[in-house]
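Student: Contents of my_file17.tsv (TSV, C-alpha atoms) are given next:
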chain	number	residue	atom	x	y	z
A	27	MET	CA	12.87	182.07	202.41
A	28	LYS	CA	12.79	178.69	204.05
A	29	TYR	CA	14.60	175.83	202.37
A	30	ILE	CA	14.76	172.15	203.26
A	31	LEU	CA	18.04	170.27	202.69
A	32	LEU	CA	17.26	166.60	202.28
A	33	MET	CA	19.81	163.84	202.75
A	34	THR	CA	18.69	160.65	201.06
A	35	GLY	CA	20.27	157.27	200.42
A	36	THR	CA	19.50	153.71	199.42
A	37	LYS	CA	19.74	150.74	201.81
A	38	ALA	CA	23.12	149.82	200.29
A	39	GLY	CA	24.33	153.40	200.79
A	40	VAL	CA	23.26	153.35	204.43
A	41	ASP	CA	25.24	150.11	204.94
A	42	THR	CA	28.43	151.85	203.75
A	43	TYR	CA	27.95	154.62	206.36
A	44	ARG	CA	27.48	151.97	209.02
A	45	ALA	CA	30.86	150.49	208.12
A	46	TRP	CA	32.72	153.69	209.06
A	47	THR	CA	35.20	153.47	211.93
A	48	LYS	CA	34.33	155.06	215.25
A	49	GLU	CA	37.01	157.68	214.57
A	50	ASP	CA	35.46	158.57	211.18
A	51	ILE	CA	32.01	158.88	212.75
A	52	GLY	CA	33.44	161.09	215.50
A	53	LYS	CA	35.04	163.46	212.97
A	54	HIS	CA	31.85	163.59	210.90
A	55	MET	CA	29.64	164.38	213.89
A	56	ALA	CA	32.07	167.00	215.24
A	57	ARG	CA	32.07	168.87	211.91
A	58	LEU	CA	28.29	168.60	211.64
A	59	LYS	CA	27.81	169.96	215.17
A	60	SER	CA	30.13	172.85	214.37
A	61	LEU	CA	28.21	173.65	211.16
A	62	VAL	CA	24.85	173.59	212.98
A	63	LYS	CA	26.32	175.85	215.69
A	64	ASP	CA	27.37	178.36	213.00
A	65	LEU	CA	23.85	178.28	211.49
A	66	ARG	CA	22.28	178.86	214.91
A	67	GLU	CA	24.58	181.82	215.50
A	68	SER	CA	23.77	183.36	212.10
A	69	GLY	CA	20.04	182.93	212.82
A	70	GLU	CA	19.56	180.74	209.75
A	71	PHE	CA	18.85	177.48	211.57
A	72	VAL	CA	15.18	176.47	211.78
A	73	GLY	CA	15.29	172.76	212.57
A	74	ASP	CA	16.76	169.38	211.78
A	75	GLN	CA	15.85	165.74	212.25
A	76	GLY	CA	17.58	162.45	211.79
A	77	LEU	CA	15.48	159.43	210.88
A	78	THR	CA	15.90	155.81	211.88
A	79	GLY	CA	17.20	153.41	209.23
A	80	PRO	CA	15.28	152.09	206.22
A	81	GLU	CA	14.65	148.74	207.99
A	82	GLU	CA	12.28	150.59	210.34
A	83	ALA	CA	10.19	151.99	207.47
A	84	LYS	CA	6.59	151.00	206.78
A	85	VAL	CA	4.39	152.16	203.96
A	86	VAL	CA	0.77	152.79	204.88
A	87	ARG	CA	-2.29	153.24	202.71
A	88	GLY	CA	-5.79	153.96	203.85
A	89	GLU	CA	-8.39	151.43	202.87
A	90	THR	CA	-12.10	152.04	202.55
A	91	LYS	CA	-12.88	151.36	206.22
A	92	GLY	CA	-9.99	153.62	207.25
A	93	MET	CA	-7.96	150.70	208.61
A	94	PRO	CA	-4.27	151.16	207.79
A	95	ILE	CA	-2.50	148.61	205.65
A	96	THR	CA	1.20	148.47	206.45
A	97	ASP	CA	3.91	147.02	204.33
A	98	GLY	CA	7.67	147.20	204.69
A	99	ILE	CA	8.77	145.91	201.32
A	100	PHE	CA	10.62	148.44	199.19
A	101	PRO	CA	12.49	148.15	195.89
A	102	GLU	CA	16.30	148.08	196.24
A	103	SER	CA	16.54	151.31	194.26
A	104	LYS	CA	14.33	153.26	196.65
A	105	GLU	CA	15.92	156.31	198.18
A	106	PHE	CA	15.13	156.78	201.86
A	107	LEU	CA	15.20	160.09	203.67
A	108	LEU	CA	18.00	159.87	206.25
A	109	GLY	CA	17.62	163.32	207.72
A	110	TYR	CA	16.99	166.95	206.92
A	111	TRP	CA	17.85	170.50	207.88
A	112	ILE	CA	15.52	173.49	207.47
A	113	VAL	CA	17.21	176.87	207.06
A	114	ASP	CA	15.83	180.38	206.69
A	115	VAL	CA	18.08	182.20	204.24
A	116	ALA	CA	18.12	185.35	202.13
A	117	THR	CA	18.78	183.65	198.79
A	118	PRO	CA	18.64	180.21	197.17
A	119	GLU	CA	22.41	180.49	196.61
A	120	ARG	CA	22.92	180.61	200.37
A	121	ALA	CA	20.84	177.43	200.75
A	122	TYR	CA	23.00	175.76	198.08
A	123	ALA	CA	26.16	176.93	199.85
A	124	ILE	CA	25.00	175.36	203.13
A	125	ALA	CA	24.11	172.16	201.27
A	126	GLY	CA	27.64	172.24	199.80
A	127	LEU	CA	29.09	172.43	203.32
A	128	LEU	CA	26.98	169.44	204.39
A	129	SER	CA	28.25	167.58	201.34
A	130	THR	CA	31.88	168.20	202.39
A	131	LEU	CA	31.49	166.61	205.83
A	132	PRO	CA	34.18	163.97	206.31
A	133	GLY	CA	33.32	160.31	205.85
A	134	ALA	CA	35.39	157.13	205.70
A	135	GLY	CA	39.09	157.89	206.15
A	136	GLY	CA	38.26	161.55	206.71
A	137	MET	CA	37.52	162.11	203.00
A	138	PRO	CA	34.52	164.32	202.12
A	139	THR	CA	31.42	162.20	201.56
A	140	ASN	CA	30.33	164.39	198.62
A	141	MET	CA	26.87	163.04	199.29
A	142	PRO	CA	24.16	164.73	197.20
A	143	ILE	CA	21.80	167.01	199.14
A	144	GLU	CA	18.42	167.82	197.60
A	145	VAL	CA	17.38	171.43	198.18
A	146	ARG	CA	13.78	172.64	197.93
A	147	GLU	CA	11.93	175.68	199.13
A	148	LEU	CA	9.19	175.01	201.69
A	149	ALA	CA	5.74	175.78	200.37
A	150	SER	CA	3.95	178.58	202.21
A	151	HIS	CA	0.92	176.33	201.97
A	152	PRO	CA	-2.44	176.79	203.67
A	153	LEU	CA	-2.33	173.57	205.73
A	154	LYS	CA	-1.32	175.19	209.00
A	155	TRP	CA	-3.17	173.89	212.00
A	156	SER	CA	-3.59	176.97	214.17
B	24	MET	CA	7.57	158.10	220.36
B	25	LYS	CA	8.06	160.42	217.44
B	26	TYR	CA	7.23	159.26	213.95
B	27	ILE	CA	7.58	160.98	210.59
B	28	LEU	CA	4.83	160.43	207.99
B	29	MET	CA	6.06	161.16	204.49
B	30	MET	CA	4.16	161.72	201.27
B	31	ASN	CA	6.59	160.57	198.57
B	32	THR	CA	4.13	160.72	195.76
B	33	MET	CA	5.42	163.30	193.33
B	34	LYS	CA	7.41	162.59	190.19
B	35	ALA	CA	9.75	164.92	188.31
B	36	GLY	CA	8.08	167.70	186.34
B	37	HIS	CA	4.91	167.72	188.40
B	38	GLY	CA	3.29	170.93	189.57
B	39	VAL	CA	-0.14	171.55	191.09
B	40	PRO	CA	-2.29	168.55	190.14
B	41	GLY	CA	-4.70	169.28	187.29
B	42	TRP	CA	-7.77	168.60	189.44
B	43	PRO	CA	-10.89	170.74	189.32
B	44	GLN	CA	-10.75	173.65	191.81
B	45	LYS	CA	-13.55	172.08	193.87
B	46	ASP	CA	-11.56	168.84	194.33
B	47	LEU	CA	-8.38	170.73	195.29
B	48	GLN	CA	-10.35	172.69	197.87
B	49	ALA	CA	-11.88	169.51	199.32
B	50	HIS	CA	-8.40	167.94	199.55
B	51	ILE	CA	-6.95	170.95	201.35
B	52	ALA	CA	-9.96	171.23	203.70
B	53	TYR	CA	-9.46	167.55	204.64
B	54	MET	CA	-5.76	168.12	205.42
B	55	ILE	CA	-6.46	171.27	207.45
B	56	SER	CA	-9.08	169.38	209.45
B	57	LEU	CA	-6.65	166.46	210.07
B	58	ASN	CA	-3.90	168.86	211.17
B	59	LYS	CA	-6.28	170.69	213.48
B	60	GLU	CA	-7.41	167.42	215.06
B	61	LEU	CA	-3.79	166.26	215.62
B	62	HIS	CA	-2.90	169.66	217.05
B	63	GLU	CA	-5.81	169.46	219.48
B	64	SER	CA	-4.89	165.91	220.59
B	65	GLY	CA	-1.35	167.16	221.27
B	66	GLU	CA	0.13	164.68	218.78
B	67	LEU	CA	1.23	167.08	216.06
B	68	VAL	CA	4.89	168.12	216.34
B	69	SER	CA	5.27	169.74	212.95
B	70	ALA	CA	4.05	169.56	209.37
B	71	GLU	CA	5.49	171.05	206.23
B	72	GLY	CA	4.64	171.06	202.57
B	73	LEU	CA	7.44	171.32	200.03
B	74	SER	CA	7.56	173.25	196.79
B	75	PHE	CA	7.08	171.23	193.61
B	76	PRO	CA	9.85	169.06	192.12
B	77	ASP	CA	10.54	171.55	189.32
B	78	GLN	CA	12.06	173.75	192.06
B	79	ALA	CA	14.40	171.01	193.33
B	80	LYS	CA	18.18	171.23	193.03
B	81	LEU	CA	20.73	168.58	193.83
B	82	VAL	CA	23.85	169.97	195.50
B	83	ARG	CA	27.25	168.40	195.97
B	84	ALA	CA	30.42	170.02	197.19
B	85	GLY	CA	32.90	170.59	194.40
B	86	LYS	CA	36.56	171.49	194.73
B	87	ASP	CA	37.27	174.18	197.36
B	88	GLY	CA	33.84	173.51	198.89
B	89	VAL	CA	32.03	175.43	196.13
B	90	PRO	CA	28.53	173.99	195.70
B	91	VAL	CA	27.73	172.33	192.40
B	92	THR	CA	24.02	172.33	191.64
B	93	ASP	CA	22.18	170.12	189.27
B	94	GLY	CA	18.47	169.85	188.57
B	95	VAL	CA	18.45	166.62	186.63
B	96	PHE	CA	16.73	163.72	188.33
B	97	PRO	CA	15.93	160.21	187.08
B	98	GLU	CA	12.34	159.78	185.94
B	99	SER	CA	11.82	157.16	188.63
B	100	LYS	CA	12.75	159.46	191.51
B	101	GLU	CA	10.10	159.97	194.15
B	102	PHE	CA	9.94	163.49	195.54
B	103	LEU	CA	8.88	164.35	199.04
B	104	ALA	CA	5.66	166.36	198.79
B	105	GLY	CA	5.28	167.00	202.50
B	106	TYR	CA	5.50	165.42	205.92
B	107	TRP	CA	4.04	165.32	209.39
B	108	ILE	CA	5.95	164.60	212.60
B	109	VAL	CA	3.69	163.18	215.30
B	110	ASP	CA	4.35	162.22	218.90
B	111	VAL	CA	2.25	159.13	219.64
B	112	ASP	CA	2.00	156.30	222.17
B	113	SER	CA	2.39	153.43	219.72
B	114	PRO	CA	3.44	152.67	216.14
B	115	GLU	CA	-0.15	151.56	215.47
B	116	ARG	CA	-1.37	155.10	216.22
B	117	ALA	CA	1.19	156.48	213.75
B	118	TYR	CA	-0.07	154.02	211.12
B	119	ALA	CA	-3.67	155.01	211.82
B	120	ILE	CA	-2.84	158.69	211.30
B	121	ALA	CA	-0.95	157.80	208.11
B	122	ALA	CA	-4.04	155.98	206.86
B	123	ARG	CA	-6.11	159.11	207.47
B	124	ALA	CA	-3.64	161.17	205.43
B	125	SER	CA	-3.62	158.45	202.76
B	126	ALA	CA	-7.38	158.63	202.42
B	127	ALA	CA	-7.43	162.37	201.63
B	128	PRO	CA	-9.86	163.04	198.79
B	129	GLY	CA	-8.61	163.42	195.23
B	130	PRO	CA	-10.36	164.00	191.89
B	131	GLY	CA	-14.10	163.52	192.18
B	132	GLY	CA	-13.77	163.29	195.96
B	133	ALA	CA	-12.57	159.65	195.87
B	134	PRO	CA	-9.91	158.74	198.50
B	135	LEU	CA	-6.43	158.96	196.99
B	136	ASN	CA	-5.13	156.03	199.07
B	137	MET	CA	-1.65	157.41	198.44
B	138	PRO	CA	1.24	155.57	200.12
B	139	ILE	CA	2.59	157.23	203.26
B	140	GLU	CA	6.02	156.15	204.50
B	141	VAL	CA	6.22	155.97	208.30
B	142	ARG	CA	9.46	155.85	210.29
B	143	PRO	CA	10.54	156.64	213.85
B	144	VAL	CA	12.45	159.89	214.18
B	145	MET	CA	15.73	159.65	216.09
B	146	SER	CA	15.59	161.88	219.14
B	147	ALA	CA	19.38	162.20	219.02
B	148	PRO	CA	22.23	160.50	217.21
B	149	PRO	CA	23.12	157.14	218.77
B	150	PRO	CA	25.54	157.58	221.72
B	151	GLU	CA	28.39	155.93	219.84
B	152	MET	CA	28.23	158.72	217.25
B	153	LEU	CA	28.76	161.52	219.76
Please express what this file holds, its structure, as structure tokens.

Tutor:
Amino acid sequence: MKYILLMTGTKAGVDTYRAWTKEDIGKHMARLKSLVKDLRESGEFVGDQGLTGPEEAKVVRGETKGMPITDGIFPESKEFLLGYWIVDVATPERAYAIAGLLSTLPGAGGMPTNMPIEVRELASHPLKWS
Amino acid sequence: MKYILMMNTMKAGHGVPGWPQKDLQAHIAYMISLNKELHESGELVSAEGLSFPDQAKLVRAGKDGVPVTDGVFPESKEFLAGYWIVDVDSPERAYAIAARASAAPGPGGAPLNMPIEVRPVMSAPPPEML
């Protein structure tokens, strides 16, 4: 069963991460690298991506002539995807346990961020391209 | 340049849209055709569809690292329905692809013109974070 673990945050939330000291960032990244290494070794790791910040985001809609309309204005309350991990696990509980580990990664002052991680199963949908 | 194209269109409680079967099939055929075209042009990196929001859990680490799950989301929350990662020469090309996805047919075959959020994917964490 493939699950996606989504890390989201608002613009204000992203600004608090950016205020971390270099030492705090170093500790956070070291723990994250170690967790990903464990998931690779257990064969549960499928993929991960980090996204650029909310200020880079555009919203696009198709118009009748197929020309894209871009806009970069979002409400303050909007949650942006910051990054995700995809894991292939035996049970949903295992996906929640991994999300719990991600949530304990150290943040400012080395304290756990306790950031919420949204967990959803990937759809085995028919949109594959090959 | 890698970009992620996100469909953030679903609200809490939503399942398969209540469209006629014919309209659902036309929508899916459009997406398969778009994915095939992007695969053939070498621009498609990956695409995933997510399960519906009623399957979503929110996880935080509790004491002792035990995951605490919750399935209660604010009514206003936007859920990720699916995404594409494309590798393109310019942001404009990413916006053009997003417009194609936006124009996928909905009920009665009319273009949905759903909003697609477009952001660059980070190839790696910034050097100062490593």

Student: I'd like the contact shell of Glu105 in chain A - 6 Å cut-off, only C-alpha atoms, skipping same-chain residues fewer than 6 positions apart - returned as a VMD selection string.

Tutor: chain A and resid 34 to 36

Student: Would you mind exporting the chosen residues as a PDB file, in the frame of the given file, restricted to C-alpha atoms?

Tutor:
ATOM      1  CA  THR A  34      18.690 160.650 201.060  1.00  0.00           C
ATOM      2  CA  GLY A  35      20.270 157.270 200.420  1.00  0.00           C
ATOM      3  CA  THR A  36      19.500 153.710 199.420  1.00  0.00           C
TER       4      THR A  36
END

Student: Using all atoms listed in the file, which protein or nucleic acid residues come within 12 Å of His54 in chain A? Drop anything in the same chain fewer than 2 positions from it, and give the result as a count of residues only.

Tutor: 30

Student: Given the choices B:Pro138, B:Pro90, B:Gly41, B:Gly131, which gets closest to Ala121 in chain A if the distance is worked out from only C-alpha atoms?

Tutor: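 Distance minimum relative to Ala121 in chain A lands on B:Pro90.
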
Student: CA of Ala79 in chain B and CA of Asp64 in chain A, how far apart in Å?

Tutor: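 Value for the CA of Asp64 in chain A-CA of Ala79 in chain B distance: 24.7 Å.
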
Student: Report as a tab-separated table: every residue of chain A with an atom at most 7 Å from chain B, its closest pair of atoms, and their distance in Å to one decimal, counting only C-alpha atoms, with rows sorted by chain and ascending residue number.

Tutor:
residue	atom	partner	partner_atom	distance
A:Ile51	CA	B:Met152	CA	5.9
A:Gly52	CA	B:Met152	CA	6.0
A:Met55	CA	B:Leu153	CA	6.6
A:Gly76	CA	B:Met145	CA	5.5
A:Leu77	CA	B:Val144	CA	4.5
A:Thr78	CA	B:Met145	CA	5.7
A:Glu82	CA	B:Arg142	CA	6.0
A:Ala83	CA	B:Arg142	CA	4.8
A:Lys84	CA	B:Val141	CA	5.2
A:Val85	CA	B:Glu140	CA	4.3
A:Val86	CA	B:Ile139	CA	5.1
A:Arg87	CA	B:Pro138	CA	5.0
A:Gly88	CA	B:Ala122	CA	4.0
A:Glu89	CA	B:Asn136	CA	6.8
A:Gly92	CA	B:Ala122	CA	6.4
A:Met93	CA	B:Ala122	CA	6.8
A:Pro94	CA	B:Ala122	CA	4.9
A:Tyr122	CA	B:Pro90	CA	6.3
A:Ala123	CA	B:Pro90	CA	5.6
A:Ala125	CA	B:Val82	CA	6.2
A:Gly126	CA	B:Ala84	CA	4.4
A:Leu127	CA	B:Gly88	CA	6.6
A:Ser129	CA	B:Ala84	CA	5.3
A:Thr130	CA	B:Ala84	CA	5.7
A:Asn140	CA	B:Arg83	CA	5.7
A:Met141	CA	B:Arg83	CA	6.3
A:Pro142	CA	B:Arg83	CA	5.0
A:Ile143	CA	B:Val82	CA	5.1
A:Glu144	CA	B:Leu81	CA	4.5
A:Val145	CA	B:Lys80	CA	5.2
A:Arg146	CA	B:Ala79	CA	4.9
A:Glu147	CA	B:Ser74	CA	5.5
A:Leu148	CA	B:Leu73	CA	4.4
A:Ala149	CA	B:Ser74	CA	4.7
A:His151	CA	B:Gly72	CA	6.5
A:Leu153	CA	B:Ile55	CA	5.0
A:Lys154	CA	B:Ile55	CA	6.6
A:Trp155	CA	B:Lys59	CA	4.7
A:Ser156	CA	B:Lys59	CA	6.9

Student: I want to know what sits within 7 Å of Asp74 in chain A, based on only C-alpha atoms, with residues of the same chain fewer than 3 positions away left out; could you give that as JSON, numbers by chain?

Tutor: {"A": [110, 111, 112]}

Student: How would the residues just picked look written out with C-alpha atoms as a PDB file, in the coordinates of the input?

Tutor:
ATOM      1  CA  TYR A 110      16.990 166.950 206.920  1.00  0.00           C
ATOM      2  CA  TRP A 111      17.850 170.500 207.880  1.00  0.00           C
ATOM      3  CA  ILE A 112      15.520 173.490 207.470  1.00  0.00           C
TER       4      ILE A 112
END
